[in-house]
>>> print(open('data-v7.json').read())   # JSON, C-alpha atoms
[["chain", "number", "residue", "atom", "x", "y", "z"],
["A", 1, "MET", "CA", 67.50, 131.80, 86.64],
["A", 2, "THR", "CA", 69.35, 131.50, 83.32],
["A", 3, "GLU", "CA", 72.43, 133.65, 82.94],
["A", 4, "ARG", "CA", 72.20, 136.32, 80.21],
["A", 5, "ARG", "CA", 75.25, 138.46, 79.71],
["A", 6, "ALA", "CA", 76.47, 140.75, 76.94],
["A", 7, "ILE", "CA", 80.10, 140.64, 75.81],
["A", 8, "LEU", "CA", 81.50, 143.80, 74.21],
["A", 9, "SER", "CA", 84.65, 143.91, 72.08],
["A", 10, "GLY", "CA", 85.20, 147.64, 72.07],
["A", 11, "SER", "CA", 84.18, 147.97, 68.42],
["A", 12, "THR", "CA", 82.79, 151.41, 67.70],
["A", 13, "PHE", "CA", 80.02, 149.69, 65.72],
["A", 14, "GLU", "CA", 78.61, 148.10, 68.89],
["A", 15, "GLU", "CA", 78.11, 151.50, 70.47],
["A", 16, "GLN", "CA", 76.90, 153.23, 67.30],
["A", 17, "ILE", "CA", 74.38, 150.53, 66.38],
["A", 18, "GLY", "CA", 73.47, 149.23, 69.85],
["A", 19, "TYR", "CA", 74.42, 145.55, 69.94],
["A", 20, "ALA", "CA", 76.86, 143.22, 71.68],
["A", 21, "ARG", "CA", 79.66, 141.23, 70.08],
["A", 22, "ALA", "CA", 78.23, 138.18, 71.83],
["A", 23, "VAL", "CA", 75.44, 137.21, 74.19],
["A", 24, "VAL", "CA", 75.74, 134.40, 76.70],
["A", 25, "ASP", "CA", 72.32, 132.88, 77.32],
["A", 26, "GLY", "CA", 72.63, 129.95, 79.72],
["A", 27, "ASP", "CA", 74.73, 127.31, 77.95],
["A", 28, "ARG", "CA", 74.42, 129.06, 74.58],
["A", 29, "VAL", "CA", 76.73, 131.72, 73.20],
["A", 30, "HIS", "CA", 75.60, 133.74, 70.19],
["A", 31, "VAL", "CA", 78.35, 135.73, 68.48],
["A", 32, "SER", "CA", 77.21, 138.57, 66.23],
["A", 33, "GLY", "CA", 78.28, 138.80, 62.64],
["A", 34, "THR", "CA", 81.97, 139.65, 62.96],
["A", 35, "THR", "CA", 84.06, 141.29, 60.27],
["A", 36, "GLY", "CA", 87.77, 141.52, 59.68],
["A", 37, "PHE", "CA", 88.26, 144.81, 61.51],
["A", 38, "ASP", "CA", 91.05, 144.92, 64.06],
["A", 39, "TYR", "CA", 89.07, 146.57, 66.84],
["A", 40, "ALA", "CA", 92.18, 147.95, 68.57],
["A", 41, "THR", "CA", 93.05, 150.06, 65.53],
["A", 42, "MET", "CA", 89.70, 149.99, 63.66],
["A", 43, "THR", "CA", 91.59, 149.04, 60.49],
["A", 44, "ILE", "CA", 90.77, 146.30, 57.99],
["A", 45, "SER", "CA", 92.92, 144.50, 55.44],
["A", 46, "ASP", "CA", 92.06, 144.57, 51.74],
["A", 47, "ASP", "CA", 92.79, 140.82, 51.53],
["A", 48, "VAL", "CA", 89.78, 138.53, 52.09],
["A", 49, "VAL", "CA", 91.89, 135.72, 53.61],
["A", 50, "GLU", "CA", 93.45, 138.13, 56.11],
["A", 51, "GLN", "CA", 89.95, 139.42, 56.87],
["A", 52, "ALA", "CA", 88.74, 135.85, 57.53],
["A", 53, "GLU", "CA", 91.67, 135.27, 59.89],
["A", 54, "GLN", "CA", 90.90, 138.50, 61.76],
["A", 55, "CYS", "CA", 87.18, 137.60, 61.93],
["A", 56, "LEU", "CA", 88.13, 134.34, 63.62],
["A", 57, "ARG", "CA", 90.53, 136.07, 66.05],
["A", 58, "ASN", "CA", 87.72, 138.47, 66.99],
["A", 59, "ILE", "CA", 85.29, 135.57, 67.41],
["A", 60, "GLU", "CA", 87.81, 133.61, 69.49],
["A", 61, "ALA", "CA", 88.22, 136.59, 71.82],
["A", 62, "ALA", "CA", 84.45, 136.81, 72.37],
["A", 63, "LEU", "CA", 84.12, 133.05, 72.88],
["A", 64, "SER", "CA", 87.01, 133.08, 75.34],
["A", 65, "GLU", "CA", 85.31, 135.76, 77.42],
["A", 66, "ALA", "CA", 82.20, 133.54, 77.40],
["A", 67, "GLY", "CA", 84.17, 130.50, 78.55],
["A", 68, "CYS", "CA", 84.25, 128.78, 75.14],
["A", 69, "THR", "CA", 86.58, 128.09, 72.24],
["A", 70, "LEU", "CA", 86.03, 127.48, 68.55],
["A", 71, "ALA", "CA", 85.74, 123.78, 69.49],
["A", 72, "ASP", "CA", 82.38, 124.62, 71.11],
["A", 73, "VAL", "CA", 80.90, 126.13, 67.93],
["A", 74, "VAL", "CA", 77.80, 124.28, 66.70],
["A", 75, "ARG", "CA", 76.73, 126.65, 63.89],
["A", 76, "VAL", "CA", 78.64, 129.05, 61.63],
["A", 77, "ARG", "CA", 77.39, 131.44, 58.99],
["A", 78, "TYR", "CA", 79.60, 133.02, 56.36],
["A", 79, "LEU", "CA", 78.38, 136.18, 54.63],
["A", 80, "LEU", "CA", 80.23, 137.52, 51.60],
["A", 81, "PRO", "CA", 79.39, 140.15, 48.97],
["A", 82, "ASP", "CA", 81.33, 138.20, 46.30],
["A", 83, "ARG", "CA", 80.96, 134.41, 46.12],
["A", 84, "ALA", "CA", 84.38, 134.18, 44.43],
["A", 85, "ASP", "CA", 85.98, 135.32, 47.71],
["A", 86, "PHE", "CA", 84.72, 132.27, 49.62],
["A", 87, "GLU", "CA", 86.94, 129.51, 48.20],
["A", 88, "PRO", "CA", 90.24, 131.33, 48.95],
["A", 89, "CYS", "CA", 89.13, 131.34, 52.63],
["A", 90, "TRP", "CA", 88.52, 127.59, 52.80],
["A", 91, "PRO", "CA", 91.99, 126.62, 54.08],
["A", 92, "VAL", "CA", 91.68, 129.10, 56.98],
["A", 93, "LEU", "CA", 88.14, 127.94, 57.79],
["A", 94, "ARG", "CA", 89.07, 124.25, 57.52],
["A", 95, "GLY", "CA", 92.07, 124.88, 59.76],
["A", 96, "ARG", "CA", 89.83, 126.23, 62.52],
["A", 97, "PHE", "CA", 86.66, 124.15, 62.02],
["A", 98, "GLY", "CA", 87.84, 120.98, 60.23],
["A", 99, "LYS", "CA", 87.77, 118.86, 63.38],
["A", 100, "VAL", "CA", 84.79, 120.68, 64.95],
["A", 101, "ARG", "CA", 82.46, 120.28, 61.95],
["A", 102, "PRO", "CA", 79.77, 122.82, 62.90],
["A", 103, "ALA", "CA", 76.65, 123.16, 60.78],
["A", 104, "ALA", "CA", 77.46, 125.86, 58.23],
["A", 105, "THR", "CA", 75.81, 128.22, 55.77],
["A", 106, "MET", "CA", 77.33, 130.60, 53.24],
["A", 107, "LEU", "CA", 75.27, 133.54, 51.98],
["A", 108, "VAL", "CA", 76.07, 136.06, 49.28],
["A", 109, "CYS", "CA", 74.82, 139.46, 50.42],
["A", 110, "GLY", "CA", 75.80, 143.08, 50.81],
["A", 111, "LEU", "CA", 77.71, 144.08, 53.94],
["A", 112, "ALA", "CA", 77.57, 147.38, 55.84],
["A", 113, "ASP", "CA", 80.89, 148.76, 54.57],
["A", 114, "PRO", "CA", 82.37, 148.18, 51.08],
["A", 115, "ARG", "CA", 85.77, 147.37, 52.67],
["A", 116, "MET", "CA", 84.21, 144.30, 54.34],
["A", 117, "ARG", "CA", 84.69, 141.19, 52.20],
["A", 118, "ILE", "CA", 83.57, 138.54, 54.70],
["A", 119, "GLU", "CA", 81.51, 138.44, 57.89],
["A", 120, "ILE", "CA", 81.29, 135.38, 60.14],
["A", 121, "GLU", "CA", 78.67, 134.61, 62.78],
["A", 122, "VAL", "CA", 78.75, 131.65, 65.17],
["A", 123, "ASP", "CA", 76.68, 129.97, 67.84],
["A", 124, "ALA", "CA", 78.39, 127.86, 70.48],
["A", 125, "ARG", "CA", 77.38, 125.67, 73.40],
["A", 126, "ARG", "CA", 79.19, 125.96, 76.72],
["A", 127, "LEU", "CA", 79.79, 122.64, 78.35],
["A", 128, "PRO", "CA", 79.29, 122.34, 82.10],
["A", 129, "PRO", "CA", 82.50, 122.44, 84.15],
["A", 130, "ALA", "CA", 84.16, 119.04, 84.51],
["A", 131, "GLY", "CA", 83.88, 117.34, 87.86]]
>>> encode(input="data-v7.json", output="structure tokens")
Amino acid sequence: MTERRAILSGSTFEEQIGYARAVVDGDRVHVSGTTGFDYATMTISDDVVEQAEQCLRNIEAALSEAGCTLADVVRVRYLLPDRADFEPCWPVLRGRFGKVRPAATMLVCGLADPRMRIEIEVDARRLPPAG
């Protein structure tokens, strides 16, 4: 039977809306759209680059719990309300994904809270244990 397991981050949004930060489904890991909130304090920076960095820290934490890293990401989606905010994030995104080269999409759309300037969603593939 294929393993299916929910990973929770402690975000109040997960409880209020009824979703998981990530779902492990066999060798696949699906990480929900993740914003720049620091879930420990439920605060968010006004700066889009700092939000992108926090998004990636939140995603890394979920992937780690699933037994993955950013190196296992095969697909990434970037969602931003303002397309002009995307290019300032490129150095951060290239720094994390430049060697991984996942398939990527950027969409301009509204987000749930006006403080949110970027949301990132990833899919990863867990490799079988070595040996």
>>> residues_around(input="data-v7.json", residues="Arg126 in chain A", least_positions_apart="2", cutoff="9 Å", atoms="all atoms listed in the file", output="PyMOL selection string")
chain A and resi 26-29+66-69+72-73+124+128-129
>>> write_last_selection(input="data-v7.json", atoms="C-alpha atoms", output="PDB file, in the frame of the given file")
ATOM      1  CA  GLY A  26      72.630 129.950  79.720  1.00  0.00           C
ATOM      2  CA  ASP A  27      74.730 127.310  77.950  1.00  0.00           C
ATOM      3  CA  ARG A  28      74.420 129.060  74.580  1.00  0.00           C
ATOM      4  CA  VAL A  29      76.730 131.720  73.200  1.00  0.00           C
ATOM      5  CA  ALA A  66      82.200 133.540  77.400  1.00  0.00           C
ATOM      6  CA  GLY A  67      84.170 130.500  78.550  1.00  0.00           C
ATOM      7  CA  CYS A  68      84.250 128.780  75.140  1.00  0.00           C
ATOM      8  CA  THR A  69      86.580 128.090  72.240  1.00  0.00           C
ATOM      9  CA  ASP A  72      82.380 124.620  71.110  1.00  0.00           C
ATOM     10  CA  VAL A  73      80.900 126.130  67.930  1.00  0.00           C
ATOM     11  CA  ALA A 124      78.390 127.860  70.480  1.00  0.00           C
ATOM     12  CA  PRO A 128      79.290 122.340  82.100  1.00  0.00           C
ATOM     13  CA  PRO A 129      82.500 122.440  84.150  1.00  0.00           C
TER      14      PRO A 129
END
>>> residues_near_point(input="data-v7.json", point="(78.1, 140.1, 50.2)", cutoff="9 Å", atoms="all atoms listed in the file", output="ChimeraX atom specification")
/A:79-83,107-111,116-119
>>> atom_distance(input="data-v7.json", atom1="CA of Ser64 in chain A", atom2="CA of Ser32 in chain A")
14.5 Å
>>> residues_near_point(input="data-v7.json", point="(91.0, 143.7, 61.9)", cutoff="9 Å", atoms="all atoms listed in the file", output="list in words")
Thr35, Gly36, Phe37, Asp38, Tyr39, Ala40, Thr41, Met42, Thr43, Ile44, Ser45, Glu50, Gln51, Glu53, Gln54, Cys55, Arg57 and Asn58 of chain A
>>> atom_distance(input="data-v7.json", atom1="CA of Ile59 in chain A", atom2="CA of Thr2 in chain A")
22.9 Å
>>> atom_distance(input="data-v7.json", atom1="CA of Cys89 in chain A", atom2="CA of Ala52 in chain A")
6.7 Å
>>> residues_around(input="data-v7.json", residues="range 18-23 of chain A", least_positions_apart="4", cutoff="8 Å", atoms="all atoms listed in the file", output="ChimeraX atom specification")
/A:4-9,13-14,29-34,62-63
>>> closest_residue(input="data-v7.json", among="A:Glu15, A:Ile120, A:Asp47, A:Leu70", to="Lys99 in chain A", atoms="all atoms listed in the file")
A:Leu70
>>> closest_residue(input="data-v7.json", among="A:Ile17, A:Ala112, A:Leu93, A:Ala61", to="Tyr78 in chain A", atoms="only C-alpha atoms")
A:Leu93
>>> closest_residue(input="data-v7.json", among="A:Glu3, A:Val76, A:Ala71, A:Val48", to="Ala104 in chain A", atoms="only C-alpha atoms")
A:Val76
>>> closest_residue(input="data-v7.json", among="A:Asp46, A:Gln16, A:Val24, A:Pro102", to="Val74 in chain A", atoms="all atoms listed in the file")
A:Pro102
